[in-house]
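> Here you go, data13.cif (mmCIF, N, CA and C atoms):
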```
data_coords
loop_
_atom_site.label_atom_id
_atom_site.label_comp_id
_atom_site.auth_asym_id
_atom_site.auth_seq_id
_atom_site.Cartn_x
_atom_site.Cartn_y
_atom_site.Cartn_z
N MET S 22 11.42 4.18 -31.03
CA MET S 22 11.04 2.83 -30.67
C MET S 22 9.63 2.55 -31.22
N LYS S 23 9.49 1.51 -31.98
CA LYS S 23 8.20 1.10 -32.53
C LYS S 23 7.65 -0.06 -31.70
N PHE S 24 6.34 -0.20 -31.72
CA PHE S 24 5.70 -1.30 -31.00
C PHE S 24 4.54 -1.79 -31.84
N ASP S 25 4.03 -2.98 -31.51
CA ASP S 25 3.02 -3.59 -32.38
C ASP S 25 1.58 -3.24 -32.01
N LYS S 26 1.36 -2.57 -30.90
CA LYS S 26 0.01 -2.17 -30.52
C LYS S 26 -0.40 -0.94 -31.33
N LYS S 27 -1.70 -0.79 -31.58
CA LYS S 27 -2.18 0.35 -32.34
C LYS S 27 -2.88 1.36 -31.43
N LEU S 28 -2.59 2.62 -31.68
CA LEU S 28 -3.24 3.71 -30.97
C LEU S 28 -4.73 3.70 -31.28
N ASP S 29 -5.55 3.87 -30.26
CA ASP S 29 -6.99 4.00 -30.45
C ASP S 29 -7.27 5.47 -30.76
N SER S 30 -7.39 5.78 -32.04
CA SER S 30 -7.53 7.18 -32.47
C SER S 30 -8.78 7.84 -31.89
N GLU S 31 -9.82 7.06 -31.67
CA GLU S 31 -11.05 7.61 -31.09
C GLU S 31 -10.81 8.07 -29.65
N ARG S 32 -10.05 7.30 -28.90
CA ARG S 32 -9.75 7.69 -27.52
C ARG S 32 -8.93 8.98 -27.49
N LEU S 33 -7.96 9.08 -28.38
CA LEU S 33 -7.16 10.30 -28.44
C LEU S 33 -8.05 11.50 -28.78
N SER S 34 -8.88 11.34 -29.77
CA SER S 34 -9.79 12.40 -30.18
C SER S 34 -10.74 12.79 -29.04
N ASP S 35 -11.29 11.79 -28.35
CA ASP S 35 -12.20 12.06 -27.23
C ASP S 35 -11.50 12.82 -26.11
N LEU S 36 -10.29 12.41 -25.76
CA LEU S 36 -9.55 13.11 -24.71
C LEU S 36 -9.30 14.57 -25.10
N ARG S 37 -8.91 14.77 -26.33
CA ARG S 37 -8.66 16.14 -26.80
C ARG S 37 -9.92 16.99 -26.72
N LYS S 38 -11.03 16.44 -27.20
CA LYS S 38 -12.29 17.19 -27.20
C LYS S 38 -12.82 17.41 -25.79
N GLU S 39 -12.67 16.42 -24.91
CA GLU S 39 -13.10 16.57 -23.51
C GLU S 39 -12.34 17.70 -22.82
N ASN S 40 -11.13 17.97 -23.29
CA ASN S 40 -10.32 19.05 -22.74
C ASN S 40 -10.51 20.35 -23.51
N GLY S 41 -11.47 20.36 -24.43
CA GLY S 41 -11.81 21.58 -25.17
C GLY S 41 -10.71 22.08 -26.08
N LEU S 42 -9.95 21.17 -26.67
CA LEU S 42 -8.81 21.56 -27.49
C LEU S 42 -9.02 21.20 -28.96
N THR S 43 -8.56 22.07 -29.83
CA THR S 43 -8.45 21.72 -31.24
C THR S 43 -7.12 20.99 -31.42
N LEU S 44 -6.93 20.38 -32.56
CA LEU S 44 -5.65 19.73 -32.84
C LEU S 44 -4.51 20.76 -32.79
N LYS S 45 -4.76 21.93 -33.32
CA LYS S 45 -3.73 22.99 -33.32
C LYS S 45 -3.36 23.40 -31.89
N GLU S 46 -4.37 23.58 -31.04
CA GLU S 46 -4.10 23.95 -29.65
C GLU S 46 -3.32 22.85 -28.92
N LEU S 47 -3.71 21.61 -29.16
CA LEU S 47 -3.01 20.50 -28.51
C LEU S 47 -1.55 20.47 -28.96
N SER S 48 -1.32 20.65 -30.25
CA SER S 48 0.07 20.60 -30.74
C SER S 48 0.90 21.72 -30.14
N ARG S 49 0.30 22.88 -29.90
CA ARG S 49 1.03 23.98 -29.26
C ARG S 49 1.39 23.66 -27.81
N ASN S 50 0.53 22.87 -27.14
CA ASN S 50 0.75 22.53 -25.74
C ASN S 50 1.76 21.41 -25.54
N LEU S 51 2.04 20.68 -26.60
CA LEU S 51 2.98 19.55 -26.51
C LEU S 51 4.37 20.00 -26.96
N GLU S 52 5.37 19.41 -26.36
CA GLU S 52 6.75 19.79 -26.68
C GLU S 52 7.23 19.24 -28.01
N ASN S 53 6.92 17.98 -28.28
CA ASN S 53 7.55 17.30 -29.42
C ASN S 53 6.59 16.74 -30.45
N VAL S 54 5.29 16.79 -30.22
CA VAL S 54 4.34 16.18 -31.16
C VAL S 54 3.80 17.27 -32.09
N LYS S 55 4.03 17.08 -33.39
CA LYS S 55 3.64 18.08 -34.38
C LYS S 55 2.16 17.97 -34.74
N LEU S 56 1.61 19.08 -35.22
CA LEU S 56 0.22 19.13 -35.66
C LEU S 56 -0.05 18.08 -36.74
N SER S 57 0.83 17.96 -37.70
CA SER S 57 0.63 16.98 -38.78
C SER S 57 0.59 15.55 -38.23
N SER S 58 1.40 15.29 -37.21
CA SER S 58 1.39 13.95 -36.60
C SER S 58 0.06 13.71 -35.89
N LEU S 59 -0.40 14.68 -35.11
CA LEU S 59 -1.68 14.54 -34.41
C LEU S 59 -2.81 14.30 -35.40
N PHE S 60 -2.83 15.07 -36.49
CA PHE S 60 -3.87 14.90 -37.50
C PHE S 60 -3.83 13.47 -38.06
N GLY S 61 -2.63 12.99 -38.32
CA GLY S 61 -2.48 11.62 -38.84
C GLY S 61 -2.92 10.56 -37.85
N TYR S 62 -2.62 10.77 -36.57
CA TYR S 62 -3.01 9.81 -35.53
C TYR S 62 -4.53 9.72 -35.43
N GLU S 63 -5.19 10.87 -35.49
CA GLU S 63 -6.65 10.88 -35.32
C GLU S 63 -7.41 10.51 -36.59
N ASN S 64 -6.88 10.86 -37.74
CA ASN S 64 -7.67 10.75 -38.97
C ASN S 64 -7.20 9.70 -39.97
N TRP S 65 -5.93 9.35 -39.97
CA TRP S 65 -5.42 8.46 -40.99
C TRP S 65 -4.92 7.15 -40.43
N GLY S 66 -5.05 6.95 -39.14
CA GLY S 66 -4.59 5.70 -38.54
C GLY S 66 -3.07 5.59 -38.43
N LEU S 67 -2.37 6.72 -38.55
CA LEU S 67 -0.92 6.68 -38.36
C LEU S 67 -0.62 6.33 -36.92
N GLN S 68 0.51 5.70 -36.70
CA GLN S 68 0.87 5.26 -35.36
C GLN S 68 2.02 6.09 -34.81
N PRO S 69 1.86 6.55 -33.56
CA PRO S 69 2.93 7.36 -32.96
C PRO S 69 4.13 6.50 -32.58
N ASP S 70 5.28 7.14 -32.48
CA ASP S 70 6.40 6.43 -31.90
C ASP S 70 6.22 6.46 -30.38
N TYR S 71 7.06 5.75 -29.69
CA TYR S 71 6.91 5.59 -28.24
C TYR S 71 6.99 6.93 -27.51
N ASP S 72 7.89 7.81 -27.94
CA ASP S 72 8.04 9.11 -27.28
C ASP S 72 6.78 9.96 -27.42
N ASP S 73 6.18 9.97 -28.60
CA ASP S 73 4.93 10.72 -28.80
C ASP S 73 3.81 10.15 -27.94
N LEU S 74 3.74 8.83 -27.91
CA LEU S 74 2.70 8.18 -27.11
C LEU S 74 2.84 8.54 -25.63
N LEU S 75 4.07 8.50 -25.13
CA LEU S 75 4.32 8.88 -23.73
C LEU S 75 3.94 10.32 -23.46
N GLU S 76 4.29 11.21 -24.37
CA GLU S 76 3.97 12.63 -24.18
C GLU S 76 2.46 12.86 -24.18
N LEU S 77 1.75 12.18 -25.06
CA LEU S 77 0.28 12.32 -25.09
C LEU S 77 -0.35 11.80 -23.80
N ALA S 78 0.09 10.64 -23.36
CA ALA S 78 -0.45 10.07 -22.12
C ALA S 78 -0.17 10.99 -20.94
N ALA S 79 1.03 11.50 -20.83
CA ALA S 79 1.39 12.38 -19.72
C ALA S 79 0.58 13.68 -19.78
N TYR S 80 0.40 14.22 -20.97
CA TYR S 80 -0.35 15.47 -21.11
C TYR S 80 -1.78 15.34 -20.58
N PHE S 81 -2.40 14.22 -20.88
CA PHE S 81 -3.78 14.00 -20.46
C PHE S 81 -3.89 13.30 -19.11
N TYR S 82 -2.76 13.17 -18.38
CA TYR S 82 -2.72 12.47 -17.08
C TYR S 82 -3.34 11.09 -17.19
N SER S 83 -3.03 10.42 -18.28
CA SER S 83 -3.56 9.10 -18.53
C SER S 83 -2.39 8.14 -18.70
N THR S 84 -2.61 7.06 -19.44
CA THR S 84 -1.55 6.08 -19.66
C THR S 84 -1.49 5.69 -21.12
N CYS S 85 -0.34 5.14 -21.49
CA CYS S 85 -0.20 4.59 -22.84
C CYS S 85 -1.20 3.45 -23.03
N GLU S 86 -1.39 2.66 -21.98
CA GLU S 86 -2.31 1.52 -22.06
C GLU S 86 -3.73 1.96 -22.39
N TYR S 87 -4.17 3.09 -21.82
CA TYR S 87 -5.51 3.60 -22.16
C TYR S 87 -5.56 4.01 -23.63
N LEU S 88 -4.55 4.76 -24.06
CA LEU S 88 -4.54 5.23 -25.46
C LEU S 88 -4.42 4.07 -26.46
N LEU S 89 -3.84 2.98 -26.02
CA LEU S 89 -3.72 1.80 -26.90
C LEU S 89 -4.93 0.86 -26.79
N GLY S 90 -5.86 1.17 -25.88
CA GLY S 90 -7.06 0.36 -25.74
C GLY S 90 -6.90 -0.85 -24.83
N ASP S 91 -5.80 -0.91 -24.06
CA ASP S 91 -5.57 -2.06 -23.19
C ASP S 91 -6.39 -2.00 -21.89
N ILE S 92 -6.69 -0.81 -21.42
CA ILE S 92 -7.51 -0.64 -20.21
C ILE S 92 -8.58 0.40 -20.49
N ASP S 93 -9.64 0.38 -19.70
CA ASP S 93 -10.77 1.28 -19.93
C ASP S 93 -10.82 2.49 -19.00
N TYR S 94 -9.84 2.64 -18.15
CA TYR S 94 -9.82 3.77 -17.22
C TYR S 94 -8.89 4.85 -17.74
N LYS S 95 -9.44 6.05 -17.97
CA LYS S 95 -8.62 7.14 -18.49
C LYS S 95 -7.59 7.61 -17.48
N THR S 96 -7.99 7.66 -16.22
CA THR S 96 -7.12 8.21 -15.19
C THR S 96 -7.12 7.29 -13.97
N SER S 97 -6.12 7.49 -13.13
CA SER S 97 -6.06 6.71 -11.90
C SER S 97 -7.24 7.04 -10.99
N GLU S 98 -7.70 8.30 -11.03
CA GLU S 98 -8.85 8.68 -10.21
C GLU S 98 -10.10 7.92 -10.60
N GLU S 99 -10.28 7.73 -11.90
CA GLU S 99 -11.44 6.99 -12.40
C GLU S 99 -11.38 5.53 -11.94
N LEU S 100 -10.20 4.94 -12.00
CA LEU S 100 -10.04 3.56 -11.54
C LEU S 100 -10.31 3.48 -10.04
N LEU S 101 -9.75 4.40 -9.27
CA LEU S 101 -9.96 4.40 -7.81
C LEU S 101 -11.44 4.47 -7.46
N ALA S 102 -12.14 5.41 -8.05
CA ALA S 102 -13.56 5.58 -7.75
C ALA S 102 -14.36 4.34 -8.13
N THR S 103 -14.09 3.80 -9.30
CA THR S 103 -14.82 2.62 -9.76
C THR S 103 -14.57 1.43 -8.85
N TYR S 104 -13.30 1.18 -8.51
CA TYR S 104 -12.98 0.05 -7.66
C TYR S 104 -13.57 0.22 -6.26
N TYR S 105 -13.55 1.44 -5.74
CA TYR S 105 -14.13 1.68 -4.42
C TYR S 105 -15.64 1.40 -4.45
N ILE S 106 -16.32 1.94 -5.44
CA ILE S 106 -17.78 1.76 -5.56
C ILE S 106 -18.13 0.28 -5.72
N GLU S 107 -17.30 -0.46 -6.44
CA GLU S 107 -17.55 -1.89 -6.65
C GLU S 107 -17.17 -2.73 -5.44
N GLY S 108 -16.62 -2.10 -4.40
CA GLY S 108 -16.28 -2.82 -3.17
C GLY S 108 -14.99 -3.63 -3.25
N LYS S 109 -14.12 -3.26 -4.18
CA LYS S 109 -12.84 -3.96 -4.28
C LYS S 109 -11.94 -3.56 -3.11
N SER S 110 -11.04 -4.43 -2.73
CA SER S 110 -10.13 -4.15 -1.62
C SER S 110 -9.03 -3.19 -2.06
N PRO S 111 -8.40 -2.50 -1.10
CA PRO S 111 -7.25 -1.65 -1.45
C PRO S 111 -6.15 -2.45 -2.17
N GLU S 112 -5.97 -3.70 -1.77
CA GLU S 112 -4.94 -4.53 -2.40
C GLU S 112 -5.26 -4.81 -3.87
N ASP S 113 -6.55 -5.11 -4.17
CA ASP S 113 -6.96 -5.32 -5.56
C ASP S 113 -6.79 -4.04 -6.37
N THR S 114 -7.14 -2.93 -5.76
CA THR S 114 -7.01 -1.64 -6.44
C THR S 114 -5.54 -1.34 -6.72
N PHE S 115 -4.67 -1.60 -5.75
CA PHE S 115 -3.24 -1.36 -5.92
C PHE S 115 -2.69 -2.18 -7.09
N GLU S 116 -3.13 -3.42 -7.17
CA GLU S 116 -2.68 -4.28 -8.28
C GLU S 116 -3.14 -3.71 -9.62
N ALA S 117 -4.37 -3.22 -9.68
CA ALA S 117 -4.89 -2.64 -10.91
C ALA S 117 -4.19 -1.32 -11.25
N MET S 118 -3.71 -0.64 -10.22
CA MET S 118 -3.03 0.65 -10.41
C MET S 118 -1.67 0.49 -11.07
N ASP S 119 -1.22 -0.73 -11.24
CA ASP S 119 0.10 -0.98 -11.81
C ASP S 119 0.31 -0.23 -13.12
N PHE S 120 -0.71 -0.20 -13.99
CA PHE S 120 -0.61 0.53 -15.26
C PHE S 120 -0.27 1.99 -15.01
N PHE S 121 -0.97 2.61 -14.06
CA PHE S 121 -0.77 4.03 -13.80
C PHE S 121 0.56 4.28 -13.10
N ASN S 122 0.88 3.44 -12.13
CA ASN S 122 2.13 3.63 -11.39
C ASN S 122 3.35 3.47 -12.29
N ASN S 123 3.29 2.56 -13.24
CA ASN S 123 4.44 2.35 -14.14
C ASN S 123 4.50 3.37 -15.26
N SER S 124 3.34 3.86 -15.71
CA SER S 124 3.32 4.81 -16.81
C SER S 124 3.69 6.22 -16.36
N ASN S 125 3.33 6.55 -15.16
CA ASN S 125 3.56 7.90 -14.67
C ASN S 125 4.14 7.85 -13.26
N PRO S 126 5.40 7.49 -13.10
CA PRO S 126 5.99 7.32 -11.77
C PRO S 126 5.87 8.55 -10.90
N GLU S 127 5.76 9.71 -11.51
CA GLU S 127 5.64 10.94 -10.73
C GLU S 127 4.31 10.99 -9.96
N TYR S 128 3.34 10.21 -10.40
CA TYR S 128 2.04 10.16 -9.73
C TYR S 128 1.83 8.83 -9.02
N PHE S 129 2.90 8.17 -8.64
CA PHE S 129 2.84 6.86 -8.00
C PHE S 129 1.94 6.89 -6.76
N ILE S 130 1.08 5.89 -6.64
CA ILE S 130 0.18 5.77 -5.49
C ILE S 130 0.54 4.48 -4.77
N SER S 131 0.92 4.60 -3.51
CA SER S 131 1.32 3.44 -2.73
C SER S 131 0.10 2.74 -2.14
N LEU S 132 0.30 1.52 -1.66
CA LEU S 132 -0.78 0.78 -1.02
C LEU S 132 -1.26 1.54 0.23
N GLU S 133 -0.34 2.14 0.97
CA GLU S 133 -0.73 2.91 2.16
C GLU S 133 -1.61 4.10 1.79
N MET S 134 -1.28 4.76 0.70
CA MET S 134 -2.11 5.88 0.23
C MET S 134 -3.51 5.39 -0.13
N LEU S 135 -3.58 4.23 -0.77
CA LEU S 135 -4.88 3.66 -1.14
C LEU S 135 -5.71 3.31 0.10
N LYS S 136 -5.06 2.76 1.10
CA LYS S 136 -5.77 2.44 2.34
C LYS S 136 -6.31 3.71 3.00
N ASP S 137 -5.52 4.78 2.98
CA ASP S 137 -5.99 6.07 3.50
C ASP S 137 -7.18 6.59 2.71
N TYR S 138 -7.10 6.46 1.40
CA TYR S 138 -8.20 6.88 0.53
C TYR S 138 -9.48 6.13 0.88
N TYR S 139 -9.37 4.81 1.03
CA TYR S 139 -10.53 4.00 1.38
C TYR S 139 -11.10 4.42 2.74
N THR S 140 -10.25 4.69 3.70
CA THR S 140 -10.70 5.13 5.03
C THR S 140 -11.47 6.44 4.92
N ILE S 141 -10.94 7.38 4.18
CA ILE S 141 -11.61 8.68 3.99
C ILE S 141 -12.95 8.49 3.28
N MET S 142 -12.96 7.68 2.23
CA MET S 142 -14.21 7.47 1.50
C MET S 142 -15.26 6.77 2.37
N ASP S 143 -14.83 5.85 3.24
CA ASP S 143 -15.77 5.20 4.16
C ASP S 143 -16.38 6.23 5.10
N ARG S 144 -15.57 7.16 5.59
CA ARG S 144 -16.08 8.22 6.48
C ARG S 144 -17.07 9.12 5.76
N VAL S 145 -16.73 9.49 4.53
CA VAL S 145 -17.63 10.33 3.74
C VAL S 145 -18.95 9.62 3.53
N LYS S 146 -18.88 8.35 3.18
CA LYS S 146 -20.10 7.55 2.94
C LYS S 146 -20.97 7.48 4.19
N LYS S 147 -20.35 7.29 5.36
CA LYS S 147 -21.11 7.23 6.61
C LYS S 147 -21.78 8.57 6.89
N ASN S 148 -21.07 9.68 6.67
CA ASN S 148 -21.65 11.00 6.91
C ASN S 148 -22.81 11.29 5.96
N ILE S 149 -22.71 10.84 4.73
CA ILE S 149 -23.79 11.05 3.77
C ILE S 149 -25.03 10.25 4.16
N ASN S 150 -24.83 9.06 4.69
CA ASN S 150 -25.93 8.17 5.02
C ASN S 150 -26.59 8.49 6.37
N ARG S 151 -26.13 9.48 7.06
CA ARG S 151 -26.73 9.83 8.37
C ARG S 151 -28.09 10.45 8.20
#
```
Written as structure tokens, how would this file's structure read?

Amino acid sequence: MKFDKKLDSERLSDLRKENGLTLKELSRNLENVKLSSLFGYENWGLQPDYDDLLELAAYFYSTCEYLLGDIDYKTSEELLATYYIEGKSPEDTFEAMDFFNNSNPEYFISLEMLKDYYTIMDRVKKNINR
């Protein structure tokens, strides 16, 4: 399956380097993405097919949208922390989590889970400020 969005090669490269991996090591860790493909994605502007994009996003616990440059949060944890610090409501956070919930259903976060997270973070904040 082809799509019209372009992979942000810099984001892919940054994720790989942040995880301390060479292209060769990353290709060994992936089931279906070849070393030559990874090299092309990072260096020649080649575009992955949908299956490769999904595998890369899942490997890095991120989303296709992040790798395509549609959102600026690498992980759901980063989005949660940012939204909490900015004082966003659990409902606003849940709406923003749509990218993560749809891209990685195995890591789905419900609104109730978000409310629990906010409650815990409020308690932590109160204990720190004592």
> As a compact mmCIF listing (two decimals) with N, CA and C atoms, in the coordinates of the input, please: every residue in region 48-105 of chain S that DSSP puts in alpha helix (DSSP H).

```txt
# COMPACT_ATOMS: atom_id res chain seq x y z
N SER S 48 -1.32 20.65 -30.25
CA SER S 48 0.07 20.60 -30.74
C SER S 48 0.90 21.72 -30.14
N ARG S 49 0.30 22.88 -29.90
CA ARG S 49 1.03 23.98 -29.26
C ARG S 49 1.39 23.66 -27.81
N ASN S 50 0.53 22.87 -27.14
CA ASN S 50 0.75 22.53 -25.74
C ASN S 50 1.76 21.41 -25.54
N LEU S 56 1.61 19.08 -35.22
CA LEU S 56 0.22 19.13 -35.66
C LEU S 56 -0.05 18.08 -36.74
N SER S 57 0.83 17.96 -37.70
CA SER S 57 0.63 16.98 -38.78
C SER S 57 0.59 15.55 -38.23
N SER S 58 1.40 15.29 -37.21
CA SER S 58 1.39 13.95 -36.60
C SER S 58 0.06 13.71 -35.89
N LEU S 59 -0.40 14.68 -35.11
CA LEU S 59 -1.68 14.54 -34.41
C LEU S 59 -2.81 14.30 -35.40
N PHE S 60 -2.83 15.07 -36.49
CA PHE S 60 -3.87 14.90 -37.50
C PHE S 60 -3.83 13.47 -38.06
N GLY S 61 -2.63 12.99 -38.32
CA GLY S 61 -2.48 11.62 -38.84
C GLY S 61 -2.92 10.56 -37.85
N TYR S 62 -2.62 10.77 -36.57
CA TYR S 62 -3.01 9.81 -35.53
C TYR S 62 -4.53 9.72 -35.43
N GLU S 63 -5.19 10.87 -35.49
CA GLU S 63 -6.65 10.88 -35.32
C GLU S 63 -7.41 10.51 -36.59
N ASN S 64 -6.88 10.86 -37.74
CA ASN S 64 -7.67 10.75 -38.97
C ASN S 64 -7.20 9.70 -39.97
N TYR S 71 7.06 5.75 -29.69
CA TYR S 71 6.91 5.59 -28.24
C TYR S 71 6.99 6.93 -27.51
N ASP S 72 7.89 7.81 -27.94
CA ASP S 72 8.04 9.11 -27.28
C ASP S 72 6.78 9.96 -27.42
N ASP S 73 6.18 9.97 -28.60
CA ASP S 73 4.93 10.72 -28.80
C ASP S 73 3.81 10.15 -27.94
N LEU S 74 3.74 8.83 -27.91
CA LEU S 74 2.70 8.18 -27.11
C LEU S 74 2.84 8.54 -25.63
N LEU S 75 4.07 8.50 -25.13
CA LEU S 75 4.32 8.88 -23.73
C LEU S 75 3.94 10.32 -23.46
N GLU S 76 4.29 11.21 -24.37
CA GLU S 76 3.97 12.63 -24.18
C GLU S 76 2.46 12.86 -24.18
N LEU S 77 1.75 12.18 -25.06
CA LEU S 77 0.28 12.32 -25.09
C LEU S 77 -0.35 11.80 -23.80
N ALA S 78 0.09 10.64 -23.36
CA ALA S 78 -0.45 10.07 -22.12
C ALA S 78 -0.17 10.99 -20.94
N ALA S 79 1.03 11.50 -20.83
CA ALA S 79 1.39 12.38 -19.72
C ALA S 79 0.58 13.68 -19.78
N TYR S 80 0.40 14.22 -20.97
CA TYR S 80 -0.35 15.47 -21.11
C TYR S 80 -1.78 15.34 -20.58
N CYS S 85 -0.34 5.14 -21.49
CA CYS S 85 -0.20 4.59 -22.84
C CYS S 85 -1.20 3.45 -23.03
N GLU S 86 -1.39 2.66 -21.98
CA GLU S 86 -2.31 1.52 -22.06
C GLU S 86 -3.73 1.96 -22.39
N TYR S 87 -4.17 3.09 -21.82
CA TYR S 87 -5.51 3.60 -22.16
C TYR S 87 -5.56 4.01 -23.63
N LEU S 88 -4.55 4.76 -24.06
CA LEU S 88 -4.54 5.23 -25.46
C LEU S 88 -4.42 4.07 -26.46
N SER S 97 -6.12 7.49 -13.13
CA SER S 97 -6.06 6.71 -11.90
C SER S 97 -7.24 7.04 -10.99
N GLU S 98 -7.70 8.30 -11.03
CA GLU S 98 -8.85 8.68 -10.21
C GLU S 98 -10.10 7.92 -10.60
N GLU S 99 -10.28 7.73 -11.90
CA GLU S 99 -11.44 6.99 -12.40
C GLU S 99 -11.38 5.53 -11.94
N LEU S 100 -10.20 4.94 -12.00
CA LEU S 100 -10.04 3.56 -11.54
C LEU S 100 -10.31 3.48 -10.04
N LEU S 101 -9.75 4.40 -9.27
CA LEU S 101 -9.96 4.40 -7.81
C LEU S 101 -11.44 4.47 -7.46
N ALA S 102 -12.14 5.41 -8.05
CA ALA S 102 -13.56 5.58 -7.75
C ALA S 102 -14.36 4.34 -8.13
N THR S 103 -14.09 3.80 -9.30
CA THR S 103 -14.82 2.62 -9.76
C THR S 103 -14.57 1.43 -8.85
N TYR S 104 -13.30 1.18 -8.51
CA TYR S 104 -12.98 0.05 -7.66
C TYR S 104 -13.57 0.22 -6.26
N TYR S 105 -13.55 1.44 -5.74
CA TYR S 105 -14.13 1.68 -4.42
C TYR S 105 -15.64 1.40 -4.45
```
> Which residues would end up in the selection if the PyMOL selection byres ((chain S and resi 24-34) around 5) were applied here, given that I need the answer as number ranges by chain?
S: 22-23, 35-38, 62-63, 88-89
> Can those selected residues be exported to a file as an mmCIF file, keeping the file's coordinate frame so that it contains N, CA and C atoms?

```
data_model
loop_
_atom_site.group_PDB
_atom_site.id
_atom_site.type_symbol
_atom_site.label_atom_id
_atom_site.label_comp_id
_atom_site.auth_asym_id
_atom_site.auth_seq_id
_atom_site.Cartn_x
_atom_site.Cartn_y
_atom_site.Cartn_z
ATOM 1 N N MET S 22 11.420 4.180 -31.030
ATOM 2 C CA MET S 22 11.040 2.830 -30.670
ATOM 3 C C MET S 22 9.630 2.550 -31.220
ATOM 4 N N LYS S 23 9.490 1.510 -31.980
ATOM 5 C CA LYS S 23 8.200 1.100 -32.530
ATOM 6 C C LYS S 23 7.650 -0.060 -31.700
ATOM 7 N N ASP S 35 -11.290 11.790 -28.350
ATOM 8 C CA ASP S 35 -12.200 12.060 -27.230
ATOM 9 C C ASP S 35 -11.500 12.820 -26.110
ATOM 10 N N LEU S 36 -10.290 12.410 -25.760
ATOM 11 C CA LEU S 36 -9.550 13.110 -24.710
ATOM 12 C C LEU S 36 -9.300 14.570 -25.100
ATOM 13 N N ARG S 37 -8.910 14.770 -26.330
ATOM 14 C CA ARG S 37 -8.660 16.140 -26.800
ATOM 15 C C ARG S 37 -9.920 16.990 -26.720
ATOM 16 N N LYS S 38 -11.030 16.440 -27.200
ATOM 17 C CA LYS S 38 -12.290 17.190 -27.200
ATOM 18 C C LYS S 38 -12.820 17.410 -25.790
ATOM 19 N N TYR S 62 -2.620 10.770 -36.570
ATOM 20 C CA TYR S 62 -3.010 9.810 -35.530
ATOM 21 C C TYR S 62 -4.530 9.720 -35.430
ATOM 22 N N GLU S 63 -5.190 10.870 -35.490
ATOM 23 C CA GLU S 63 -6.650 10.880 -35.320
ATOM 24 C C GLU S 63 -7.410 10.510 -36.590
ATOM 25 N N LEU S 88 -4.550 4.760 -24.060
ATOM 26 C CA LEU S 88 -4.540 5.230 -25.460
ATOM 27 C C LEU S 88 -4.420 4.070 -26.460
ATOM 28 N N LEU S 89 -3.840 2.980 -26.020
ATOM 29 C CA LEU S 89 -3.720 1.800 -26.900
ATOM 30 C C LEU S 89 -4.930 0.860 -26.790
#
```
> If you apply the PyMOL selection byres ((chain S and resi 94-97) around 8) to this file, what residues do you get, as a PyMOL selection string?
chain S and resi 81-84+86-88+91-93+98-103+118+121-122
> Residues near Lys136 (chain S), anyone? I mean within 9 Å using only C-alpha atoms, not counting same-chain ones fewer than 3 positions away, as a PyMOL selection string.
chain S and resi 110-112+131-133+139-141
> Point out the residue among S:Lys146, S:Tyr80, S:Leu135, S:Glu107 with the least atom-to-atom distance to Glu52 (chain S), counting only C-alpha atoms.
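Closest residue, counting only C-alpha atoms: S:Tyr80.
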> So the first atom is CA of Cys85 (chain S) and the second is CA of Leu51 (chain S); what is the distance between them in Å, to one decimal place?
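Pair CA of Cys85 (chain S) / CA of Leu51 (chain S) returns 15.7 Å.
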> State, in Å with one decimal place, the distance from CA of Gln68 (chain S) to CA of Gly90 (chain S).
13.4 Å
> Between atom C of Phe115 (chain S) and atom C of Ile130 (chain S), what is the distance, to one decimal in Å?
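Pair atom C of Phe115 (chain S) / atom C of Ile130 (chain S) returns 7.8 Å.
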